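Peer 1: So that we are looking at the same thing, I have put the structure below in structure tokens.
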Amino acid sequence: MRARPTLLLLHGFPQDSGLWAGTASALTDVANVIAPDLRGFGADRRAVPPVMTMDRLAEDILQLLDERGVDKVVLGGLSMGGYVALAFALRWPERLEGLLLCNTRAIADTAEGRDAREATARTALRSGVAVIARGMLPRLLSARTKRERPDLVAAVEALMARQPPDAVAAAARGMALRPDLMQELHRIQAPTLIVTGDQDELMPLPTSEAIHRAIAGSRLVVLPDVAHLSPLEAPARFQATVRDFLTSLPHA
Ligand code: MLT
């Protein structure tokens with residue numbers, strides 16, 4: 001009988017594994033789904049250093065896989081989770097069975113972007129994450145989602161506002177240190193699915209198209225009327241897309 005792949009899903013910033021609740025329960029028949037809270041987020045209570053780089057978060061993921069005895073994984077990440085997934089994919093390609101990159105990018109921050117990260121870190125520590133959540137919310141969801149799903153708008157704000165300030169500050173500072181990975185992407189050999197929304201202002205479509213061009217054989221799916229949170233804004237289309245990807249993998 002065909003064994004099921006392990007799908008490990010990494011949330012974005014400043015979120016927790018709640019991002020993936022619907023996706024995880026919808027795909028249990030085709031994969032063993034693991035959706036951890038990244039260090040310091042959600043229910044994770046590990047100590048957080050002042051700066052949490054994407055490489056350091058990727059090391060946590062390697063440790064998690066080792067602890068669970070998972071040799072090969074289909075690794076998925078949304079936005080910041082995608083940064084971590086890319087860092088992992090480039091360091092431990094032999095552990096990768098597939099790669100799922102959602103609403104993310106491989107380029108580094110601009111100088112202006114890095115300054116904004118520091119401001120975010122300070123705001124989180126001084127004023128709390130609710131302030132960050134309120135500021136980010138308008139750009140995360142499409143006009144249609146905001147119009148038609150006020151319940152989801154409120155849930156996304158609550159998901160972000162509940163994150164601990166120290167984890168948020170450390171991750172913001174860590175994201176600022178991301179290297180530009182565009183020239184490294186050609187090394188990725190694993191089957192890769194890229195999913196984004198046509199209304200994503202934070203990761204505009206050309207950033208996903210560039211990843212698509214750089215990873216040979218990758219597939220790009222652009223969800224209409226969706227902004228930055230594809231799994232929440234278009235759950236049925238997102239889940240069907242990931243399901244097709246998982247069942248197409250040459251899993252032993
Ligand atoms: C995220 O959703 O993880 C963030 O928008 C990523 C970022 O700020 O670069």
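Each chain in the structure tokens gets a letter, A, B and so on, in the order shown; residues start at 1 in every chain, and ligands are counted from 1 in the order they appear.
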Neighbours of Ala24 in chain A within 9 Å (only C-alpha atoms; same-chain residues fewer than 6 positions away dropped), as a list in words?

Peer 2: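 In the requested form, the answer reads Leu7, Leu9, Ala31, Asn32, Val33, Ile34 and Ala35 of chain A.
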
Peer 1: Ligand 1: which residues are within 8 Å, counting only C-alpha atoms and all ligand atoms, as a PyMOL selection string?

Peer 2: chain A and resi 11-15+78-82+103-104+109+117+140+172+175+202-203+228-229

Peer 1: Using CA of Leu64 in chain A and CA of Arg39 in chain A as the two end points, give the distance in Å to one decimal.

Peer 2: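 A separation of 11.3 Å between them.
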
Peer 1: What lies within 6 Å of Leu96 in chain A using only C-alpha atoms, ignoring chain neighbours under 3 positions off, as a VMD selection string?

Peer 2: chain A and resid 72 to 73 93

Peer 1: I want to know what sits within 7 Å of Val129 in chain A, based on only C-alpha atoms, with residues of the same chain fewer than 4 positions away left out; could you give that as a list in words?

Peer 2: Ala124, Ala133, Ala161, Gln163 and Pro165 of chain A

Peer 1: For the structure I just gave you, how does DSSP split range 1-218 of chain A - specifically, which residues are strand (DSSP E or B)? Reply as a count of residues only.

Peer 2: 27

Peer 1: Please identify which residues in range 9-248 of chain A DSSP calls helix (DSSP H, G or I) from the backbone, and express them as a ChimeraX atom specification.

Peer 2: /A:17-26,54-67,80-91,93-95,111-127,129-140,143-148,150-161,165-176,182-187,205-214,230-233,235-248

Peer 1: Fewer than 2 positions away in the same chain doesn't count, so skip those; otherwise give me all residues within 10 Å of Gly217 in chain A, counting only C-alpha atoms, as number ranges by chain.

Peer 2: A: 188-193, 212-215, 219-220

Peer 1: Write out as number ranges by chain the residues lying within 9 Å of Ala87 in chain A, counting only C-alpha atoms and excluding same-chain residues fewer than 3 positions away.

Peer 2: A: 54-55, 57-58, 82-84, 90-92, 181
